[in-house]
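File shown: coords14.cif. Contents: mmCIF, C-alpha atoms.
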data_start
loop_
_atom_site.label_atom_id
_atom_site.label_comp_id
_atom_site.auth_asym_id
_atom_site.auth_seq_id
_atom_site.Cartn_x
_atom_site.Cartn_y
_atom_site.Cartn_z
CA MET A 1316 94.25 117.16 108.99
CA GLU A 1317 96.21 119.51 106.77
CA LEU A 1318 98.19 117.86 103.98
CA SER A 1319 100.28 120.29 101.91
CA HIS A 1320 101.75 118.16 99.11
CA ILE A 1321 103.08 114.73 98.23
CA GLU A 1322 106.40 114.59 100.05
CA HIS A 1323 107.70 111.50 98.26
CA ILE A 1324 106.88 108.28 96.49
CA GLY A 1325 108.76 105.23 97.76
CA ILE A 1326 109.74 102.68 95.11
CA ALA A 1327 111.18 99.27 95.95
CA VAL A 1328 114.02 98.28 93.61
CA LYS A 1329 116.35 95.33 93.37
CA ASP A 1330 119.48 97.18 92.35
CA LEU A 1331 119.88 100.80 93.42
CA LYS A 1332 122.79 101.55 91.10
CA GLN A 1333 121.06 100.22 87.97
CA THR A 1334 117.81 101.98 88.82
CA ILE A 1335 119.54 105.31 89.50
CA LYS A 1336 121.01 104.94 86.01
CA TYR A 1337 117.49 104.58 84.56
CA TYR A 1338 116.13 107.63 86.44
CA GLU A 1339 119.14 109.73 85.40
CA ASP A 1340 119.90 108.58 81.86
CA VAL A 1341 116.36 107.84 80.68
CA LEU A 1342 114.07 110.13 82.70
CA GLY A 1343 116.65 112.93 83.01
CA LEU A 1344 116.40 113.33 86.80
CA LYS A 1345 119.38 113.86 89.12
CA CYS A 1346 120.10 111.75 92.20
CA TYR A 1347 120.96 114.29 94.92
CA ALA A 1348 121.47 111.96 97.91
CA ILE A 1349 122.08 108.36 98.85
CA GLU A 1350 121.39 107.42 102.45
CA GLU A 1351 121.29 104.20 104.45
CA VAL A 1352 118.37 103.94 106.91
CA LYS A 1353 119.60 101.17 109.16
CA ASP A 1354 116.47 100.51 111.21
CA GLN A 1355 114.48 100.06 107.99
CA ARG A 1356 117.27 97.91 106.48
CA VAL A 1357 117.35 99.92 103.25
CA LYS A 1358 119.65 102.01 101.15
CA THR A 1359 117.79 104.92 99.59
CA ALA A 1360 118.41 107.25 96.66
CA PHE A 1361 116.58 110.56 96.27
CA PHE A 1362 115.50 112.56 93.23
CA MET A 1363 113.54 115.82 93.28
CA LEU A 1364 110.75 116.37 90.76
CA GLY A 1365 108.78 119.56 91.35
CA GLN A 1366 107.53 119.45 94.96
CA THR A 1367 107.93 115.71 95.30
CA LYS A 1368 110.83 113.37 95.90
CA ILE A 1369 111.22 109.96 94.37
CA GLU A 1370 112.79 107.68 96.95
CA LEU A 1371 114.27 104.46 95.59
CA LEU A 1372 114.60 101.74 98.23
CA GLU A 1373 117.01 98.82 97.97
CA SER A 1374 116.88 96.28 100.76
CA THR A 1375 120.06 95.55 102.72
CA ASP A 1376 118.39 92.47 104.29
CA LYS A 1377 116.12 89.87 102.66
CA GLU A 1378 114.07 89.74 105.87
CA GLY A 1379 113.61 93.52 106.03
CA PRO A 1380 110.35 95.21 104.89
CA ILE A 1381 111.59 96.00 101.37
CA GLY A 1382 113.25 92.60 101.00
CA LYS A 1383 109.96 90.89 101.82
CA PHE A 1384 107.97 93.25 99.57
CA ILE A 1385 110.19 92.48 96.58
CA GLU A 1386 110.08 88.76 97.22
CA LYS A 1387 106.27 88.85 97.31
CA LYS A 1388 105.41 91.47 94.70
CA GLY A 1389 108.57 92.29 92.77
CA GLU A 1390 109.88 95.79 92.12
CA GLY A 1391 107.40 98.64 92.15
CA ILE A 1392 105.78 101.47 94.07
CA HIS A 1393 105.92 100.68 97.77
CA HIS A 1394 104.37 103.66 99.55
CA LEU A 1395 103.00 107.16 99.21
CA ALA A 1396 104.09 109.89 101.63
CA PHE A 1397 102.12 113.03 102.37
CA ALA A 1398 103.64 116.17 103.90
CA VAL A 1399 101.48 117.14 106.87
CA ASN A 1400 101.40 120.17 109.11
CA GLY A 1401 101.18 118.85 112.68
CA ILE A 1402 101.97 115.14 112.54
CA ASN A 1403 101.20 114.52 116.23
CA SER A 1404 97.69 115.91 116.10
CA ALA A 1405 97.15 114.19 112.72
CA LEU A 1406 97.89 110.81 114.33
CA VAL A 1407 95.48 111.53 117.19
CA GLU A 1408 92.78 112.44 114.65
CA LEU A 1409 93.43 109.33 112.54
CA LYS A 1410 93.22 107.09 115.58
CA GLU A 1411 89.93 108.68 116.59
CA LYS A 1412 88.63 107.99 113.09
CA GLY A 1413 89.51 104.31 113.39
CA ILE A 1414 92.54 104.28 111.09
CA GLN A 1415 95.06 101.57 111.93
CA LEU A 1416 98.46 103.13 112.65
CA VAL A 1417 101.72 101.26 112.07
CA ASP A 1418 103.51 103.91 114.16
CA GLN A 1419 101.56 105.15 117.16
CA ASN A 1420 103.99 108.07 117.48
CA PRO A 1421 106.27 109.80 114.97
CA ARG A 1422 109.78 108.46 114.55
CA LYS A 1423 112.80 109.70 112.62
CA GLY A 1424 112.94 108.74 108.96
CA ALA A 1425 115.27 109.50 106.04
CA GLU A 1426 116.46 113.13 105.79
CA GLY A 1427 115.64 113.70 109.48
CA LEU A 1428 111.89 113.99 108.92
CA ASP A 1429 109.33 112.99 111.55
CA ILE A 1430 107.37 110.16 109.98
CA ALA A 1431 104.60 107.68 110.73
CA PHE A 1432 103.02 104.96 108.61
CA LEU A 1433 99.33 104.09 108.32
CA HIS A 1434 98.35 100.49 107.64
CA PRO A 1435 97.15 99.78 104.07
CA LYS A 1436 94.17 97.86 105.50
CA SER A 1437 92.78 101.21 106.64
CA THR A 1438 93.73 103.25 103.57
CA HIS A 1439 92.20 101.30 100.67
CA GLY A 1440 95.39 99.40 99.91
CA VAL A 1441 97.94 102.22 99.90
CA LEU A 1442 100.78 102.00 102.43
CA THR A 1443 100.63 105.64 103.50
CA GLU A 1444 103.29 107.70 105.27
CA LEU A 1445 102.87 111.06 106.94
CA CYS A 1446 105.98 113.28 107.08
CA GLU A 1447 106.74 116.53 108.78
CA ASN A 1448 109.92 118.54 108.48
CA LYS A 1449 110.17 120.21 111.88
CA ASN A 1450 113.48 121.85 110.93
CA LYS A 1451 111.86 124.04 108.30
CA MET B 443 113.50 114.48 78.24
CA GLU B 444 112.12 117.28 80.35
CA LEU B 445 109.83 116.20 83.20
CA SER B 446 108.34 119.10 85.19
CA HIS B 447 106.45 117.43 88.04
CA ILE B 448 104.40 114.42 89.04
CA GLU B 449 101.13 114.96 87.22
CA HIS B 450 99.18 112.31 89.10
CA ILE B 451 99.27 109.05 90.98
CA GLY B 452 96.76 106.46 89.82
CA ILE B 453 95.25 104.28 92.54
CA ALA B 454 93.08 101.23 91.81
CA VAL B 455 90.11 100.98 94.17
CA LYS B 456 87.18 98.62 94.51
CA ASP B 457 84.54 101.17 95.45
CA LEU B 458 84.95 104.73 94.24
CA LYS B 459 82.28 106.19 96.54
CA GLN B 460 83.69 104.62 99.71
CA THR B 461 87.24 105.58 98.82
CA ILE B 462 86.28 109.20 98.03
CA LYS B 463 84.80 109.29 101.51
CA TYR B 464 88.15 108.19 103.00
CA TYR B 465 90.15 110.80 101.02
CA GLU B 466 87.69 113.54 101.97
CA ASP B 467 86.69 112.71 105.54
CA VAL B 468 89.98 111.26 106.76
CA LEU B 469 92.70 112.91 104.67
CA GLY B 470 90.82 116.19 104.27
CA LEU B 471 91.13 116.42 100.46
CA LYS B 472 88.35 117.49 98.12
CA CYS B 473 87.16 115.49 95.11
CA TYR B 474 86.88 118.07 92.30
CA ALA B 475 85.86 115.82 89.41
CA ILE B 476 84.44 112.42 88.58
CA GLU B 477 84.90 111.22 85.01
CA GLU B 478 84.28 108.00 83.13
CA VAL B 479 87.04 107.03 80.68
CA LYS B 480 85.23 104.52 78.51
CA ASP B 481 88.12 103.12 76.50
CA GLN B 482 89.98 102.34 79.74
CA ARG B 483 86.80 100.92 81.31
CA VAL B 484 87.18 103.00 84.47
CA LYS B 485 85.39 105.61 86.48
CA THR B 486 87.87 108.09 87.96
CA ALA B 487 87.79 110.59 90.82
CA PHE B 488 90.32 113.43 91.10
CA PHE B 489 91.83 115.24 94.08
CA MET B 490 94.47 117.99 93.92
CA LEU B 491 97.31 117.99 96.43
CA GLY B 492 99.93 120.63 95.72
CA GLN B 493 101.13 120.12 92.14
CA THR B 494 99.90 116.56 91.93
CA LYS B 495 96.56 114.89 91.39
CA ILE B 496 95.43 111.73 93.04
CA GLU B 497 93.37 109.74 90.52
CA LEU B 498 91.21 107.00 91.99
CA LEU B 499 90.27 104.33 89.45
CA GLU B 500 87.28 102.03 89.78
CA SER B 501 86.84 99.43 87.08
CA THR B 502 83.58 99.36 85.14
CA ASP B 503 84.50 95.96 83.68
CA LYS B 504 86.15 92.95 85.38
CA GLU B 505 88.10 92.26 82.20
CA GLY B 506 89.40 95.85 81.93
CA PRO B 507 92.95 96.80 83.01
CA ILE B 508 91.93 97.96 86.51
CA GLY B 509 89.57 95.04 87.01
CA LYS B 510 92.39 92.62 86.23
CA PHE B 511 94.87 94.53 88.40
CA ILE B 512 92.54 94.38 91.40
CA GLU B 513 91.82 90.71 90.88
CA LYS B 514 95.56 89.94 90.82
CA LYS B 515 96.98 92.40 93.33
CA GLY B 516 94.09 93.95 95.23
CA GLU B 517 93.58 97.67 95.76
CA GLY B 518 96.64 99.90 95.64
CA ILE B 519 98.84 102.24 93.64
CA HIS B 520 98.50 101.38 89.97
CA HIS B 521 100.68 103.88 88.09
CA LEU B 522 102.80 107.00 88.31
CA ALA B 523 102.31 109.82 85.81
CA PHE B 524 104.93 112.41 84.96
CA ALA B 525 104.15 115.75 83.32
CA VAL B 526 106.46 116.11 80.33
CA ASN B 527 107.18 118.97 77.98
CA GLY B 528 107.08 117.53 74.46
CA ILE B 529 105.50 114.11 74.71
CA ASN B 530 106.10 113.20 71.06
CA SER B 531 109.84 113.77 71.17
CA ALA B 532 110.00 112.10 74.58
CA LEU B 533 108.51 108.90 73.09
CA VAL B 534 111.01 108.99 70.22
CA GLU B 535 113.86 109.36 72.74
CA LEU B 536 112.55 106.54 74.95
CA LYS B 537 112.24 104.21 71.97
CA GLU B 538 115.80 104.98 70.91
CA LYS B 539 116.92 104.15 74.46
CA GLY B 540 115.25 100.74 74.27
CA ILE B 541 112.30 101.48 76.57
CA GLN B 542 109.23 99.35 75.81
CA LEU B 543 106.27 101.61 75.03
CA VAL B 544 102.67 100.53 75.66
CA ASP B 545 101.49 103.43 73.48
CA GLN B 546 103.65 104.11 70.43
CA ASN B 547 101.95 107.48 70.01
CA PRO B 548 100.13 109.76 72.45
CA ARG B 549 96.40 109.25 72.91
CA LYS B 550 93.73 111.18 74.79
CA GLY B 551 93.41 110.42 78.50
CA ALA B 552 91.32 111.78 81.36
CA GLU B 553 90.96 115.58 81.49
CA GLY B 554 91.86 115.82 77.79
CA LEU B 555 95.60 115.30 78.35
CA ASP B 556 97.85 113.67 75.77
CA ILE B 557 99.15 110.53 77.44
CA ALA B 558 101.29 107.46 76.79
CA PHE B 559 102.24 104.53 78.99
CA LEU B 560 105.65 102.88 79.33
CA HIS B 561 105.82 99.18 80.12
CA PRO B 562 106.83 98.36 83.72
CA LYS B 563 109.30 95.76 82.37
CA SER B 564 111.41 98.68 81.13
CA THR B 565 110.95 100.97 84.12
CA HIS B 566 112.01 98.84 87.09
CA GLY B 567 108.49 97.72 87.90
CA VAL B 568 106.63 101.03 87.81
CA LEU B 569 103.81 101.37 85.29
CA THR B 570 104.75 104.85 84.09
CA GLU B 571 102.61 107.37 82.23
CA LEU B 572 103.74 110.50 80.46
CA CYS B 573 101.21 113.34 80.24
CA GLU B 574 101.18 116.64 78.41
CA ASN B 575 98.53 119.30 78.62
CA LYS B 576 98.62 120.87 75.17
CA ASN B 577 95.76 123.21 76.05
CA LYS B 578 97.84 125.12 78.58
#

Turn this file's structure into structure tokens for me.
Amino acid sequence: MELSHIEHIGIAVKDLKQTIKYYEDVLGLKCYAIEEVKDQRVKTAFFMLGQTKIELLESTDKEGPIGKFIEKKGEGIHHLAFAVNGINSALVELKEKGIQLVDQNPRKGAEGLDIAFLHPKSTHGVLTELCENKNK
Amino acid sequence: MELSHIEHIGIAVKDLKQTIKYYEDVLGLKCYAIEEVKDQRVKTAFFMLGQTKIELLESTDKEGPIGKFIEKKGEGIHHLAFAVNGINSALVELKEKGIQLVDQNPRKGAEGLDIAFLHPKSTHGVLTELCENKNK
């Protein structure tokens, strides 16, 4: 498998607007996009820092994945996303190696990327996402 | 404050050796250093991925910060570290803005970097580290 860089870090937050203010006014970053991802029941805000995006995730539904995460664990880092060259063959390889896949096949994520999640049970506790930008 | 990139992502793990095996054999990364940081009571393993390091942290003491984290939350992402230009002035600025600092002044971290932690209460749930490599 060929990972090129960390595509983004997903952070679960309670209040997108307030947290954007912290990332902009305190850390000096610039929010360049806000996007709703309906099937994940989240509103997201993106910041670029070097090669890597910070993706803030506010739940639009208490029963959605981020809503449940925040209820259980509070705000904090939710997942780590690697940019991969060849997401389809990467998933085949992972499956062969016994890694538990949340997504058996890539699906469309924020910003039009092809994405797939790996289960944290198989990845030493880190909810891991693979991303490929096939429009590059 | 001027952040340049994500310096590293710190991940708490139970068994450094086993987890290195996962990052190498499954994700295809290469562990380039193992280091014990005695005052943090951890053994660390480093991988480079693009601009960013992945820092695996195994506790050498149940009562240390990583030992306690794992007992409470299990394995997973522990902190997010930003590379900053001018760590001393950054800490002054953060203090003025009401951010709660864990370290009032920079101290030496792994790989000889000057580091300081910000309290997750002030950073929307993310244990945040600032790092500066003054030997560059």

Least-squares Cα fit of chain B to chain A, output as a compact mmCIF listing (two decimals) with C-alpha atoms, in the coordinates of the input:
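The result, stored in superposed-v1.txt:
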# COMPACT_ATOMS: atom_id res chain seq x y z
CA MET B 443 94.25 117.17 108.98
CA GLU B 444 96.21 119.52 106.78
CA LEU B 445 98.19 117.86 103.98
CA SER B 446 100.28 120.29 101.90
CA HIS B 447 101.75 118.15 99.11
CA ILE B 448 103.07 114.72 98.22
CA GLU B 449 106.39 114.59 100.04
CA HIS B 450 107.70 111.51 98.26
CA ILE B 451 106.88 108.29 96.49
CA GLY B 452 108.75 105.25 97.75
CA ILE B 453 109.73 102.69 95.11
CA ALA B 454 111.18 99.27 95.95
CA VAL B 455 114.01 98.28 93.61
CA LYS B 456 116.34 95.32 93.37
CA ASP B 457 119.48 97.19 92.35
CA LEU B 458 119.87 100.79 93.44
CA LYS B 459 122.79 101.54 91.10
CA GLN B 460 121.06 100.22 87.98
CA THR B 461 117.81 101.97 88.82
CA ILE B 462 119.56 105.31 89.50
CA LYS B 463 121.01 104.95 86.02
CA TYR B 464 117.49 104.58 84.55
CA TYR B 465 116.13 107.63 86.44
CA GLU B 466 119.13 109.72 85.40
CA ASP B 467 119.91 108.57 81.87
CA VAL B 468 116.38 107.85 80.68
CA LEU B 469 114.10 110.13 82.71
CA GLY B 470 116.66 112.92 83.00
CA LEU B 471 116.42 113.34 86.80
CA LYS B 472 119.38 113.85 89.12
CA CYS B 473 120.10 111.74 92.20
CA TYR B 474 120.96 114.28 94.92
CA ALA B 475 121.46 111.96 97.89
CA ILE B 476 122.09 108.36 98.84
CA GLU B 477 121.39 107.42 102.45
CA GLU B 478 121.29 104.20 104.44
CA VAL B 479 118.39 103.95 106.90
CA LYS B 480 119.60 101.18 109.17
CA ASP B 481 116.48 100.53 111.21
CA GLN B 482 114.48 100.07 107.99
CA ARG B 483 117.26 97.93 106.48
CA VAL B 484 117.35 99.93 103.25
CA LYS B 485 119.66 102.01 101.16
CA THR B 486 117.79 104.93 99.59
CA ALA B 487 118.41 107.25 96.65
CA PHE B 488 116.58 110.57 96.26
CA PHE B 489 115.50 112.56 93.21
CA MET B 490 113.53 115.84 93.27
CA LEU B 491 110.76 116.38 90.75
CA GLY B 492 108.79 119.56 91.36
CA GLN B 493 107.52 119.45 94.95
CA THR B 494 107.93 115.71 95.28
CA LYS B 495 110.82 113.36 95.89
CA ILE B 496 111.21 109.98 94.36
CA GLU B 497 112.79 107.67 96.95
CA LEU B 498 114.28 104.47 95.58
CA LEU B 499 114.61 101.74 98.22
CA GLU B 500 117.02 98.83 97.98
CA SER B 501 116.88 96.29 100.77
CA THR B 502 120.05 95.56 102.72
CA ASP B 503 118.40 92.50 104.29
CA LYS B 504 116.12 89.88 102.69
CA GLU B 505 114.07 89.75 105.88
CA GLY B 506 113.60 93.54 106.02
CA PRO B 507 110.35 95.22 104.90
CA ILE B 508 111.59 96.00 101.36
CA GLY B 509 113.24 92.62 100.97
CA LYS B 510 109.96 90.91 101.82
CA PHE B 511 107.95 93.25 99.58
CA ILE B 512 110.18 92.48 96.59
CA GLU B 513 110.07 88.77 97.24
CA LYS B 514 106.26 88.85 97.31
CA LYS B 515 105.41 91.48 94.71
CA GLY B 516 108.56 92.28 92.77
CA GLU B 517 109.89 95.77 92.12
CA GLY B 518 107.40 98.63 92.15
CA ILE B 519 105.78 101.47 94.06
CA HIS B 520 105.93 100.68 97.76
CA HIS B 521 104.37 103.66 99.55
CA LEU B 522 102.99 107.16 99.21
CA ALA B 523 104.10 109.89 101.62
CA PHE B 524 102.12 113.02 102.37
CA ALA B 525 103.63 116.16 103.90
CA VAL B 526 101.47 117.12 106.86
CA ASN B 527 101.41 120.15 109.11
CA GLY B 528 101.20 118.84 112.68
CA ILE B 529 101.98 115.15 112.55
CA ASN B 530 101.20 114.52 116.23
CA SER B 531 97.68 115.90 116.08
CA ALA B 532 97.15 114.20 112.73
CA LEU B 533 97.89 110.80 114.33
CA VAL B 534 95.49 111.54 117.19
CA GLU B 535 92.78 112.44 114.64
CA LEU B 536 93.42 109.33 112.54
CA LYS B 537 93.22 107.09 115.60
CA GLU B 538 89.92 108.67 116.61
CA LYS B 539 88.63 107.99 113.09
CA GLY B 540 89.51 104.30 113.40
CA ILE B 541 92.54 104.29 111.09
CA GLN B 542 95.06 101.56 111.93
CA LEU B 543 98.45 103.13 112.65
CA VAL B 544 101.72 101.26 112.07
CA ASP B 545 103.52 103.90 114.16
CA GLN B 546 101.58 105.14 117.18
CA ASN B 547 103.98 108.06 117.49
CA PRO B 548 106.26 109.80 114.98
CA ARG B 549 109.78 108.46 114.55
CA LYS B 550 112.81 109.68 112.62
CA GLY B 551 112.94 108.75 108.94
CA ALA B 552 115.27 109.51 106.05
CA GLU B 553 116.46 113.13 105.79
CA GLY B 554 115.65 113.69 109.48
CA LEU B 555 111.88 113.99 108.92
CA ASP B 556 109.34 112.99 111.54
CA ILE B 557 107.37 110.16 109.97
CA ALA B 558 104.60 107.67 110.72
CA PHE B 559 103.02 104.95 108.61
CA LEU B 560 99.33 104.09 108.31
CA HIS B 561 98.34 100.49 107.65
CA PRO B 562 97.16 99.79 104.07
CA LYS B 563 94.18 97.85 105.50
CA SER B 564 92.77 101.21 106.63
CA THR B 565 93.72 103.24 103.57
CA HIS B 566 92.20 101.30 100.67
CA GLY B 567 95.38 99.40 99.91
CA VAL B 568 97.93 102.21 99.90
CA LEU B 569 100.77 102.00 102.42
CA THR B 570 100.63 105.64 103.49
CA GLU B 571 103.28 107.69 105.28
CA LEU B 572 102.88 111.05 106.93
CA CYS B 573 105.97 113.26 107.07
CA GLU B 574 106.74 116.53 108.79
CA ASN B 575 109.91 118.53 108.50
CA LYS B 576 110.19 120.20 111.89
CA ASN B 577 113.49 121.81 110.95
CA LYS B 578 111.88 124.05 108.35

Please write as an mmCIF file with C-alpha atoms, in the coordinates of the input the full residue list that the PyMOL selection byres ((chain B) within 9 of (chain A)) yields on this file.
data_model
loop_
_atom_site.group_PDB
_atom_site.id
_atom_site.type_symbol
_atom_site.label_atom_id
_atom_site.label_comp_id
_atom_site.auth_asym_id
_atom_site.auth_seq_id
_atom_site.Cartn_x
_atom_site.Cartn_y
_atom_site.Cartn_z
ATOM 1 C CA MET B 443 113.500 114.480 78.240
ATOM 2 C CA GLU B 444 112.120 117.280 80.350
ATOM 3 C CA LEU B 445 109.830 116.200 83.200
ATOM 4 C CA SER B 446 108.340 119.100 85.190
ATOM 5 C CA HIS B 447 106.450 117.430 88.040
ATOM 6 C CA ILE B 448 104.400 114.420 89.040
ATOM 7 C CA ILE B 453 95.250 104.280 92.540
ATOM 8 C CA ALA B 454 93.080 101.230 91.810
ATOM 9 C CA VAL B 455 90.110 100.980 94.170
ATOM 10 C CA LYS B 456 87.180 98.620 94.510
ATOM 11 C CA THR B 461 87.240 105.580 98.820
ATOM 12 C CA TYR B 464 88.150 108.190 103.000
ATOM 13 C CA TYR B 465 90.150 110.800 101.020
ATOM 14 C CA VAL B 468 89.980 111.260 106.760
ATOM 15 C CA LEU B 469 92.700 112.910 104.670
ATOM 16 C CA GLY B 470 90.820 116.190 104.270
ATOM 17 C CA LEU B 471 91.130 116.420 100.460
ATOM 18 C CA MET B 490 94.470 117.990 93.920
ATOM 19 C CA LEU B 491 97.310 117.990 96.430
ATOM 20 C CA GLY B 492 99.930 120.630 95.720
ATOM 21 C CA GLN B 493 101.130 120.120 92.140
ATOM 22 C CA THR B 494 99.900 116.560 91.930
ATOM 23 C CA LYS B 515 96.980 92.400 93.330
ATOM 24 C CA GLY B 516 94.090 93.950 95.230
ATOM 25 C CA GLU B 517 93.580 97.670 95.760
ATOM 26 C CA GLY B 518 96.640 99.900 95.640
ATOM 27 C CA ILE B 519 98.840 102.240 93.640
ATOM 28 C CA HIS B 520 98.500 101.380 89.970
ATOM 29 C CA HIS B 521 100.680 103.880 88.090
ATOM 30 C CA LEU B 522 102.800 107.000 88.310
ATOM 31 C CA GLU B 535 113.860 109.360 72.740
ATOM 32 C CA LEU B 536 112.550 106.540 74.950
ATOM 33 C CA LYS B 539 116.920 104.150 74.460
ATOM 34 C CA ILE B 541 112.300 101.480 76.570
ATOM 35 C CA PRO B 562 106.830 98.360 83.720
ATOM 36 C CA THR B 565 110.950 100.970 84.120
ATOM 37 C CA HIS B 566 112.010 98.840 87.090
ATOM 38 C CA GLY B 567 108.490 97.720 87.900
ATOM 39 C CA VAL B 568 106.630 101.030 87.810
ATOM 40 C CA LEU B 569 103.810 101.370 85.290
#

Using all atoms of range 482-499 of chain B that appear in the file, construct an axis-aligned enclosing box with 3 Å of padding on every side and provide its centre coordinates and edge lengths in Å, rounded to one decimal, as lines of an AutoDock Vina configuration file.
center_x = 93.3
center_y = 110.8
center_z = 88.1
size_x = 21.7
size_y = 25.7
size_z = 22.7

**Request:** Convert the output of the PyMOL selection byres ((chain A and resi 1425-1428) around 12) on the shown file into explicit residues, formatted as an NGL selection string.
**Result:** :A and (1322-1323 or 1325 or 1347-1361 or 1368 or 1370-1372 or 1396-1399 or 1402 or 1421-1424 or 1429-1431 or 1444-1451)

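Taking CA of Lys1332 in chain A as the reference point, CA of Leu543 in chain B is found at 23.0 Å.
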
**Message:** Rounded to one decimal, what separation in Å do you get between CA of Cys1346 in chain A and CA of Thr570 in chain B?
**Reply:** 18.7 Å

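Counting from CA of Asn1420 in chain A, the distance to CA of His1434 in chain A is 13.6 Å.
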
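Here the PyMOL selection byres ((chain A and resi 1377) around 12) catches exactly these residues: Lys1329, Gln1355, Arg1356, Val1357, Glu1373, Ser1374, Thr1375, Asp1376, Glu1378, Gly1379, Pro1380, Ile1381, Gly1382, Lys1383, Phe1384, Ile1385, Glu1386 and Lys1387 of chain A.
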